[in-house]
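For reference, the structure discussed in these notes is given below.
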Amino acid sequence: MPHFTGPDGRIDIKSLELPEIEAALQGMGSERFRALQVYKWLWQRGVTSFDEMTNVAKPVRALLGERFYIPWLTTLAVQKSIDGTHKFLWQTEDGHRIESVLIPDDERMTLCVSTQVGCAMACSFCLTGDLGLRRNLRPSEIANQPLQVRQALEAQFRISNVVMMGMGEPLHNVDNLIPALRIYLDEQALNFSHRKITVSTVGLIPQMQKLADALPVNLAVSLNATTEEQRRQVMPITRKYSMMALLDACRDLPLPNMKRITFEYVMMAGFNDSMDDAARLAKLMRGIKSKVNLIPYNENPDREIRRPGDARVRQFQHYLVHHGIQASVRVTRGRDISAACGQLGKAPERSDVTPGEKVAVVRIRREGEGYDASFLPDP
Ligand code: SAH
């Protein structure tokens, strides 16, 4: 794989996997095992310079600094929602803006990570699609997001889950996503459990298979419709991979024990929220180890699309559950700071936390929120 380089031509060391760092160190006449030390400095300690790697010999540090550099995202702003959600706005080396969203709830602290600048999938309801695809993120940029959020958090807070649901289509960038995920999963690096990582996709079938072959992470598929025609209307990718081909691929995917595929279903009033849709959706799920996550549409000034009423969402969920489908409703979070699903890429310029200041995450529950959890019937 070609290396990624910085403005001065040096190689981005954080886009390399451990064996590549080993090879580089060997080439410099250093012992192979030093690579693990370097790797840990990069991913566990999060150092910003080779000089901080005090157990690496000085001449080796100097050589490393000549050939490599340690990339970093610049923190432009951290915005805080009234519900405790935090949006981190980053700038890449070449001046692009990307976002990560930290979502605390009762049991979890989920980080939603971006994988591309913009997105090429052009789903009609999603604002990120309006940007088009500017470029893929590098492995280092995908993996620096949780590392830098970790560093920004006050010590008592831990990221428990990661979802690849920020800007971009992760599987459209699968060749950088897989090395990045290896860094997430490596216990010498970010050390996340594969159970706590979810990759969400519009359904790029060959890349889904590639990912499943490479790594055991969770998969989420944005379905959003119950007929081919309906899905084609809002998700152009359906022209390339039909919904039926997608569902067949899901049925055949070699899933590790206990894993289920999550089907995300954005509910849009008058479009895909009828009880006929619920019935079709229940049928489509037959034979697939699945669970459905209903996402009531997040309205915005750029689209005419409306969110269905709570009663309809509940009725839809109820139908699914009574037909044997595990179904939950995603509570909208961070809408006041444009951090909710489908809103990324439209960042207003304000920061509630001074860059560099530690972030304390306090979950503030609002009246009437969270009906979904209390509603879920006993299994
Ligand atoms: N490209 C991947 C990763 C992005 S995940 C994917 O599509 O799965 C973003 C999720 O938010 C997707 O399930 C998408 O369907 C959903 N979404 C997009 N716009 C939305 C909106 N305005 N309201 C609610 N959900 C939305």
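Each chain in the structure tokens gets a letter, A, B and so on, in the order shown; residues start at 1 in every chain, and ligands are counted from 1 in the order they appear.
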
Exercise for review: Name all residues at most 12 Å from A:Ala245 (count only C-alpha atoms; drop same-chain ones fewer than 6 positions away) and give them as a PyMOL selection string.
Suggested key: chain A and resi 203-206+228+237-239+251-252+284

Practice item. Would you list the contacts of stretch 57-72 of chain A as a list in words, taking every protein, DNA or RNA residue within 6 Å and counting only C-alpha atoms, but skipping same-chain residues closer than 5 positions in sequence? Key: Arg10, Ile11, Asp12, Ile13 and Phe50 of chain A

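Nearest residue to A:Glu304 among A:Leu344, A:Pro104, A:Ala269, A:Leu223 is A:Ala269, counting only C-alpha atoms.
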
**Study point:** atom CA of A:Arg45 to atom CA of A:Gln116, distance in Å rounded to a single decimal
**Key:** 25.5 Å

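When the distance limit is 12 Å and only C-alpha atoms are what count, the residues near A:Asp277, minus those fewer than 3 positions from it on the same chain, are Asn224, Ala225, Thr226, Thr227, Gln230, Arg231, Tyr265, Met267, Met268, Ala269, Gly270, Phe271, Asn272, Asp273, Ser274, Arg280, Leu281, Ala282, Lys283, Leu284, Arg312, Val313, Gln315, Phe316, Gln317, Tyr319 and Leu320 of chain A.
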
Practice item. List every residue of stretch 132-357 of chain A that DSSP, applied to the backbone, labels as strand (DSSP E or B), and write the result as a VMD selection string. Key: chain A and resid 133 to 136 153 161 to 164 197 to 201 218 to 222 261 to 267 290 to 296 327 to 329 353

File dump, residues just selected, N, CA and C atoms, as a compact mmCIF listing (two decimals), in the first residue's frame:
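Heads up, here's the output in again-v1.txt:
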```txt
# COMPACT_ATOMS: atom_id res chain seq x y z
N LEU A 133 -18.45 14.10 -2.19
CA LEU A 133 -17.26 13.53 -1.56
C LEU A 133 -16.06 14.43 -1.83
N ARG A 134 -15.45 14.93 -0.77
CA ARG A 134 -14.22 15.73 -0.94
C ARG A 134 -13.01 14.80 -0.95
N ARG A 135 -12.90 13.96 0.08
CA ARG A 135 -11.85 12.94 0.04
C ARG A 135 -12.08 11.91 1.14
N ASN A 136 -11.36 10.79 1.00
CA ASN A 136 -11.37 9.77 2.05
C ASN A 136 -10.50 10.22 3.20
N LEU A 153 -11.09 14.37 27.30
CA LEU A 153 -12.05 14.10 28.36
C LEU A 153 -11.40 14.14 29.74
N ASN A 161 -18.26 2.91 23.47
CA ASN A 161 -18.68 2.37 22.18
C ASN A 161 -18.27 3.32 21.06
N VAL A 162 -18.02 2.74 19.89
CA VAL A 162 -17.71 3.57 18.73
C VAL A 162 -18.64 3.16 17.60
N VAL A 163 -19.23 4.15 16.95
CA VAL A 163 -20.04 3.87 15.77
C VAL A 163 -19.48 4.66 14.59
N MET A 164 -19.30 3.97 13.48
CA MET A 164 -18.83 4.64 12.26
C MET A 164 -20.08 5.17 11.56
N ILE A 197 -17.77 -1.91 18.66
CA ILE A 197 -17.55 -1.11 17.45
C ILE A 197 -18.57 -1.50 16.39
N THR A 198 -19.21 -0.50 15.80
CA THR A 198 -20.20 -0.76 14.76
C THR A 198 -19.89 0.07 13.52
N VAL A 199 -19.88 -0.61 12.39
CA VAL A 199 -19.70 0.08 11.10
C VAL A 199 -21.06 0.14 10.42
N SER A 200 -21.46 1.34 10.04
CA SER A 200 -22.76 1.53 9.40
C SER A 200 -22.57 1.80 7.92
N THR A 201 -23.41 1.17 7.11
CA THR A 201 -23.24 1.30 5.65
C THR A 201 -24.57 1.42 4.92
N ASN A 218 -19.23 -5.12 14.56
CA ASN A 218 -20.67 -5.15 14.28
C ASN A 218 -21.00 -4.38 13.01
N LEU A 219 -22.04 -4.84 12.34
CA LEU A 219 -22.45 -4.19 11.10
C LEU A 219 -23.86 -3.61 11.26
N ALA A 220 -24.03 -2.39 10.75
CA ALA A 220 -25.36 -1.78 10.68
C ALA A 220 -25.60 -1.41 9.22
N VAL A 221 -26.81 -1.67 8.75
CA VAL A 221 -27.15 -1.36 7.36
C VAL A 221 -28.30 -0.37 7.36
N SER A 222 -28.11 0.73 6.64
CA SER A 222 -29.18 1.74 6.54
C SER A 222 -30.16 1.30 5.47
N ILE A 261 -27.17 -8.28 12.61
CA ILE A 261 -27.02 -7.06 11.82
C ILE A 261 -28.10 -6.07 12.27
N THR A 262 -27.70 -4.84 12.51
CA THR A 262 -28.67 -3.81 12.83
C THR A 262 -29.16 -3.19 11.52
N PHE A 263 -30.46 -3.09 11.35
CA PHE A 263 -31.00 -2.37 10.20
C PHE A 263 -31.52 -1.03 10.67
N GLU A 264 -30.89 0.02 10.18
CA GLU A 264 -31.36 1.36 10.52
C GLU A 264 -32.48 1.73 9.56
N TYR A 265 -33.49 2.35 10.13
CA TYR A 265 -34.65 2.70 9.32
C TYR A 265 -35.08 4.12 9.70
N VAL A 266 -34.67 5.07 8.86
CA VAL A 266 -35.03 6.47 9.10
C VAL A 266 -36.51 6.64 8.75
N MET A 267 -37.32 7.04 9.70
CA MET A 267 -38.76 7.16 9.45
C MET A 267 -39.11 8.55 8.96
N SER A 290 -31.23 -10.29 12.75
CA SER A 290 -31.30 -8.83 12.64
C SER A 290 -31.91 -8.20 13.86
N LYS A 291 -31.70 -6.91 13.97
CA LYS A 291 -32.52 -6.07 14.83
C LYS A 291 -32.72 -4.77 14.09
N VAL A 292 -33.84 -4.11 14.37
CA VAL A 292 -34.17 -2.89 13.65
C VAL A 292 -34.03 -1.70 14.59
N ASN A 293 -33.39 -0.65 14.09
CA ASN A 293 -33.30 0.58 14.86
C ASN A 293 -34.06 1.67 14.09
N LEU A 294 -35.17 2.09 14.64
CA LEU A 294 -35.98 3.12 13.99
C LEU A 294 -35.42 4.49 14.36
N ILE A 295 -35.21 5.31 13.33
CA ILE A 295 -34.66 6.65 13.57
C ILE A 295 -35.67 7.68 13.06
N PRO A 296 -36.46 8.29 13.97
CA PRO A 296 -37.38 9.32 13.50
C PRO A 296 -36.59 10.45 12.81
N ALA A 327 -36.82 -4.52 17.94
CA ALA A 327 -36.85 -3.17 17.36
C ALA A 327 -36.74 -2.11 18.45
N SER A 328 -35.87 -1.14 18.22
CA SER A 328 -35.71 -0.04 19.17
C SER A 328 -35.88 1.28 18.42
N VAL A 329 -36.03 2.34 19.17
CA VAL A 329 -36.15 3.67 18.57
C VAL A 329 -34.96 4.50 19.03
N VAL A 353 -16.33 24.97 24.61
CA VAL A 353 -15.17 24.56 25.39
C VAL A 353 -13.96 25.14 24.68
```

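Distances here use only C-alpha atoms; by that measure, the residue among A:Leu185, A:Ala249, A:Ala214, A:Ala339 closest to A:Gly166 is A:Ala339.
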
**Study point:** All alpha helix (DSSP H) positions in stretch 188-349 of chain A, as an MDAnalysis selection string
**Key:** chainID A and resid 205:214 228:234 243:252 275:284 310:322

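Nearest residue to ligand 1 among A:Leu181, A:Leu18, A:Met235, A:Leu89 is A:Met235, counting only C-alpha atoms and all ligand atoms.
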